[in-house]
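Student: Starting off with a structure, shown below.
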Amino acid sequence: MDKIRISAVSYTNTKPFIYGLQHTGILEKIDLSLDMPADCAQKLIDDKVDIGLIPVAATLNLPHWEIISDYCIGAVGAVNSVFIFSNCDITEVTHLQLDPESRSSNNLARVLLKNFWKVSPDLIINAPDYTTATNPTTAFVQIGDRTFGKKKQFKYVYDLAEEWQKFTGLPFVFAAWIANKHIPAVFIAEFNIALKKGLDNRAELLKSLPTHPDFDLEDYLMHKLDFELTDDKRKALYLFLDYIKAL
Ligand SMILES: C=C(O[C@@H]1C=C(C(=O)O)C=C[C@H]1O)C(=O)O
């Protein structure tokens with residue numbers, strides 16, 4: 001059998017999964033690349049990979065997709081790595097810069113702006129001054145490791161998984177393991193065992209990760225991120241897709 005091509009997220013949130021893939025025999029059966037989320041999605045859309053840990057918002061650009069795992073990158077309440085950072089209250093924001101590495105969180109911001117905060121700032125894609133704009137009413141979306149320790153730098157900080165929970169009462173799924181074609185059931189079973197092994201060994205993994213002065217990595221990997229794709233998270237996923245379609 002040819003190797004199954006897989007693109008996974010290159011951020012710390014995915015390290016438990018990578019640990020599992022690297023500590024089981026499945027590594028010989030896969031061709032693994034680590035990419036920023038927007039690129040995971042594009043590779044799956046372009047059929048450069050067979051499976052991706054892709055932003056769920058990007059499923060809207062796939063003609064055929066199947067969730068192949070009961071694990072995901074999700075959160076029940078605050079996630080602590082997906083934010084709108086702002087120097088004014090969200091209702092005063094006039095411009096919102098989107099994160100070029102994101103697909104889900106940019107859309108989550110748009111859904112919340114329209115339906116929860118009921119405001120419509122101008123959205124800026126690929127802002128030349130992304131994260132450094134001097135305009136006091138320009139805010140920005142940011143995801144992943146680049147946000148670690150940044151909470152203290154801004155007067156207004158909105159954790160988007162927490163805001164989604166306030167809005168819907170539901171958890172949130174940022175990324176899920178999705179295939180663009182049929183994958184043999186035997187492989188899927190082995191793949192999920194490997195992912196679970198990684199999650200079960202998070203305490204061991206944590207010993208090998210660099211510490212951050214302003215960020216509690218243990219709390220992040222053990223509690224803030226929630227990796228089980230539960231029924232409530234599936235419900236949230238489809239609700240989120242409906243909100244995106246209605247934007
Ligand atoms: C929790 C996170 O979830 C992610 C957010 C994504 C997005 O916004 O498209 C995609 C994959 C995940 O890495 C994070 O990156 O901090």
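Quick note on naming: the chains in the structure tokens go A, B, ... in the order shown, residues restart at 1 in each chain, and ligands are numbered from 1 in order of appearance.
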Which residues come within 12 Å of Phe240 of chain A, counting only C-alpha atoms, excluding same-chain residues fewer than 4 positions away, as a PyMOL selection string?

Tutor: chain A and resi 55-60+104-105+107-112+115+161+164-165+167-168+170-174+233-236+244-247

Student: Name the residues, by chain letter and number, that sit within 6 Å of ligand 1 using only C-alpha atoms and all ligand atoms, and give them as a PyMOL selection string.

Tutor: chain A and resi 9+37+55+73+81-82+102-105+143-144+174-175

Student: One decimal, in Å: what's the spacing between atom CA of Ala75 of chain A and atom CA of Lys224 of chain A?

Tutor: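 Computed distance, atom CA of Ala75 of chain A to atom CA of Lys224 of chain A, equals 6.2 Å.
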
Student: Would you kindly return, as number ranges by chain, each protein, DNA or RNA residue with an atom no farther than 12 Å from any atom of Glu204 of chain A, considering only C-alpha atoms and excluding same-chain residues fewer than 3 positions away?

Tutor: A: 15-16, 19-20, 197-201, 207-209, 218, 221-222

Student: Which residue, A:Ile188, A:Glu92, A:Asp50, A:Pro128, has the smallest gap to Trp65 of chain A when you use only C-alpha atoms?

Tutor: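 Checking each candidate against Trp65 of chain A, we get A:Asp50 as the closest.
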
Student: Would you mind listing what lies within 6 Å of Ala41 of chain A as an MDAnalysis selection string, with only C-alpha atoms counted and same-chain residues fewer than 3 positions away left out?

Tutor: chainID A and resid 38 44 54

Student: Write the residues of the preceding selection, restricted to C-alpha atoms, as a PDB file, in the first residue's frame.

Tutor:
```
ATOM      1  CA  ALA A  38      -4.408  27.371   6.326  1.00  0.00           C
ATOM      2  CA  LEU A  44      -6.294  18.664   1.367  1.00  0.00           C
ATOM      3  CA  ILE A  54      -7.765  20.918   8.930  1.00  0.00           C
TER       4      ILE A  54
END
```

Student: List as a ChimeraX atom specification the protein and nucleic acid residues near Ile67 of chain A, meaning an atom at most 8 Å away when only C-alpha atoms are counted, but skip any in the same chain fewer than 4 places from it.

Tutor: /A:176-179

Student: Run DSSP on the backbone and grab whatever in segment 13-212 of chain A lands in helix (DSSP H, G or I); send it over as a PyMOL selection string.

Tutor: chain A and resi 13-22+25-29+37-45+56-61+90-92+104-115+144-147+151-153+160-168+185-200+202-208

Student: Give the answer as one residue: which of A:Asn80, A:Glu66, A:Phe140, A:Ala203 has the shortest atom-to-atom distance to Leu98 of chain A, using only C-alpha atoms?

Tutor: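 Counting only C-alpha atoms, the residue closest to Leu98 of chain A is A:Phe140.
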
Student: Using only C-alpha atoms, can you tell me which of A:Thr94, A:Ser33, A:Gln22, A:Gln42 comes closest to Ser10 of chain A?

Tutor: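 Once distances to Ser10 of chain A are computed over only C-alpha atoms, the minimum belongs to A:Ser33.
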
Student: I'd like the interatomic distance between atom CA of Val157 of chain A and atom CA of Phe85 of chain A, to a tenth of an Å.

Tutor: 4.9 Å

Student: When DSSP works through the backbone of this structure, what residues of segment 44-111 of chain A end up as strand (DSSP E or B), shown as a ChimeraX atom specification?

Tutor: /A:51-55,66-75,82-86,95-97

Student: Write a file of the just-selected residues containing N, CA and C atoms, as a PDB file, in the first residue's frame.

Tutor:
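Now in again.pdb:
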```
ATOM      1  N   ILE A  51      -5.253  13.015   4.148  1.00  0.00           N
ATOM      2  CA  ILE A  51      -5.866  13.348   5.441  1.00  0.00           C
ATOM      3  C   ILE A  51      -5.217  14.639   5.931  1.00  0.00           C
ATOM      4  N   GLY A  52      -6.015  15.490   6.544  1.00  0.00           N
ATOM      5  CA  GLY A  52      -5.446  16.697   7.145  1.00  0.00           C
ATOM      6  C   GLY A  52      -6.107  16.977   8.485  1.00  0.00           C
ATOM      7  N   LEU A  53      -5.337  17.527   9.389  1.00  0.00           N
ATOM      8  CA  LEU A  53      -5.933  18.088  10.615  1.00  0.00           C
ATOM      9  C   LEU A  53      -6.309  19.505  10.201  1.00  0.00           C
ATOM     10  N   ILE A  54      -7.482  19.638   9.610  1.00  0.00           N
ATOM     11  CA  ILE A  54      -7.765  20.918   8.930  1.00  0.00           C
ATOM     12  C   ILE A  54      -8.770  21.769   9.699  1.00  0.00           C
ATOM     13  N   PRO A  55      -8.661  23.097   9.546  1.00  0.00           N
ATOM     14  CA  PRO A  55      -9.676  23.985  10.126  1.00  0.00           C
ATOM     15  C   PRO A  55     -11.046  23.570   9.618  1.00  0.00           C
ATOM     16  N   GLU A  66     -14.699  13.477   4.909  1.00  0.00           N
ATOM     17  CA  GLU A  66     -15.128  12.520   5.939  1.00  0.00           C
ATOM     18  C   GLU A  66     -14.297  12.758   7.183  1.00  0.00           C
ATOM     19  N   ILE A  67     -14.979  12.864   8.323  1.00  0.00           N
ATOM     20  CA  ILE A  67     -14.258  12.933   9.595  1.00  0.00           C
ATOM     21  C   ILE A  67     -13.798  11.515   9.914  1.00  0.00           C
ATOM     22  N   ILE A  68     -12.499  11.322  10.143  1.00  0.00           N
ATOM     23  CA  ILE A  68     -12.008   9.954  10.331  1.00  0.00           C
ATOM     24  C   ILE A  68     -11.511   9.700  11.756  1.00  0.00           C
ATOM     25  N   SER A  69     -11.821  10.614  12.678  1.00  0.00           N
ATOM     26  CA  SER A  69     -11.316  10.407  14.038  1.00  0.00           C
ATOM     27  C   SER A  69     -12.280  10.989  15.065  1.00  0.00           C
ATOM     28  N   ASP A  70     -12.270  10.394  16.236  1.00  0.00           N
ATOM     29  CA  ASP A  70     -13.036  10.944  17.357  1.00  0.00           C
ATOM     30  C   ASP A  70     -12.204  11.926  18.165  1.00  0.00           C
ATOM     31  N   TYR A  71     -11.079  12.367  17.597  1.00  0.00           N
ATOM     32  CA  TYR A  71     -10.239  13.372  18.257  1.00  0.00           C
ATOM     33  C   TYR A  71     -10.167  14.615  17.381  1.00  0.00           C
ATOM     34  N   CYS A  72      -9.927  15.737  18.033  1.00  0.00           N
ATOM     35  CA  CYS A  72      -9.931  17.012  17.313  1.00  0.00           C
ATOM     36  C   CYS A  72      -9.131  18.035  18.118  1.00  0.00           C
ATOM     37  N   ILE A  73      -9.021  19.249  17.561  1.00  0.00           N
ATOM     38  CA  ILE A  73      -8.528  20.387  18.343  1.00  0.00           C
ATOM     39  C   ILE A  73      -9.767  21.181  18.736  1.00  0.00           C
ATOM     40  N   GLY A  74     -10.156  21.075  19.995  1.00  0.00           N
ATOM     41  CA  GLY A  74     -11.360  21.753  20.440  1.00  0.00           C
ATOM     42  C   GLY A  74     -11.185  22.350  21.816  1.00  0.00           C
ATOM     43  N   ALA A  75     -12.278  22.936  22.311  1.00  0.00           N
ATOM     44  CA  ALA A  75     -12.254  23.526  23.651  1.00  0.00           C
ATOM     45  C   ALA A  75     -13.672  23.587  24.198  1.00  0.00           C
ATOM     46  N   VAL A  82      -6.635  31.392  20.988  1.00  0.00           N
ATOM     47  CA  VAL A  82      -7.353  31.964  19.843  1.00  0.00           C
ATOM     48  C   VAL A  82      -8.047  33.221  20.334  1.00  0.00           C
ATOM     49  N   PHE A  83      -7.568  34.363  19.841  1.00  0.00           N
ATOM     50  CA  PHE A  83      -8.019  35.629  20.417  1.00  0.00           C
ATOM     51  C   PHE A  83      -8.339  36.680  19.361  1.00  0.00           C
ATOM     52  N   ILE A  84      -9.168  37.643  19.779  1.00  0.00           N
ATOM     53  CA  ILE A  84      -9.122  38.972  19.173  1.00  0.00           C
ATOM     54  C   ILE A  84      -8.418  39.838  20.203  1.00  0.00           C
ATOM     55  N   PHE A  85      -7.310  40.440  19.811  1.00  0.00           N
ATOM     56  CA  PHE A  85      -6.595  41.394  20.654  1.00  0.00           C
ATOM     57  C   PHE A  85      -6.990  42.802  20.208  1.00  0.00           C
ATOM     58  N   SER A  86      -7.297  43.657  21.190  1.00  0.00           N
ATOM     59  CA  SER A  86      -7.807  44.982  20.830  1.00  0.00           C
ATOM     60  C   SER A  86      -7.422  46.021  21.885  1.00  0.00           C
ATOM     61  N   HIS A  95     -11.868  48.256  12.440  1.00  0.00           N
ATOM     62  CA  HIS A  95     -11.167  47.403  11.481  1.00  0.00           C
ATOM     63  C   HIS A  95     -10.667  46.157  12.205  1.00  0.00           C
ATOM     64  N   LEU A  96     -10.875  45.013  11.580  1.00  0.00           N
ATOM     65  CA  LEU A  96     -10.376  43.773  12.169  1.00  0.00           C
ATOM     66  C   LEU A  96      -9.449  43.082  11.164  1.00  0.00           C
ATOM     67  N   GLN A  97      -8.200  42.900  11.593  1.00  0.00           N
ATOM     68  CA  GLN A  97      -7.230  42.203  10.741  1.00  0.00           C
ATOM     69  C   GLN A  97      -7.354  40.700  11.000  1.00  0.00           C
TER      70      GLN A  97
END
```

Student: Using only C-alpha atoms, which residue out of A:Lys118, A:Tyr156, A:His23, A:Arg146 lies closest to Ile193 of chain A?

Tutor: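 Among A:Lys118, A:Tyr156, A:His23, A:Arg146, it is A:His23 that comes nearest to Ile193 of chain A.
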
Student: Using only C-alpha atoms, which of A:Phe215, A:Phe17, A:Tyr243, A:Phe227 sits nearest Asp145 of chain A?

Tutor: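 Distance minimum relative to Asp145 of chain A lands on A:Phe215.
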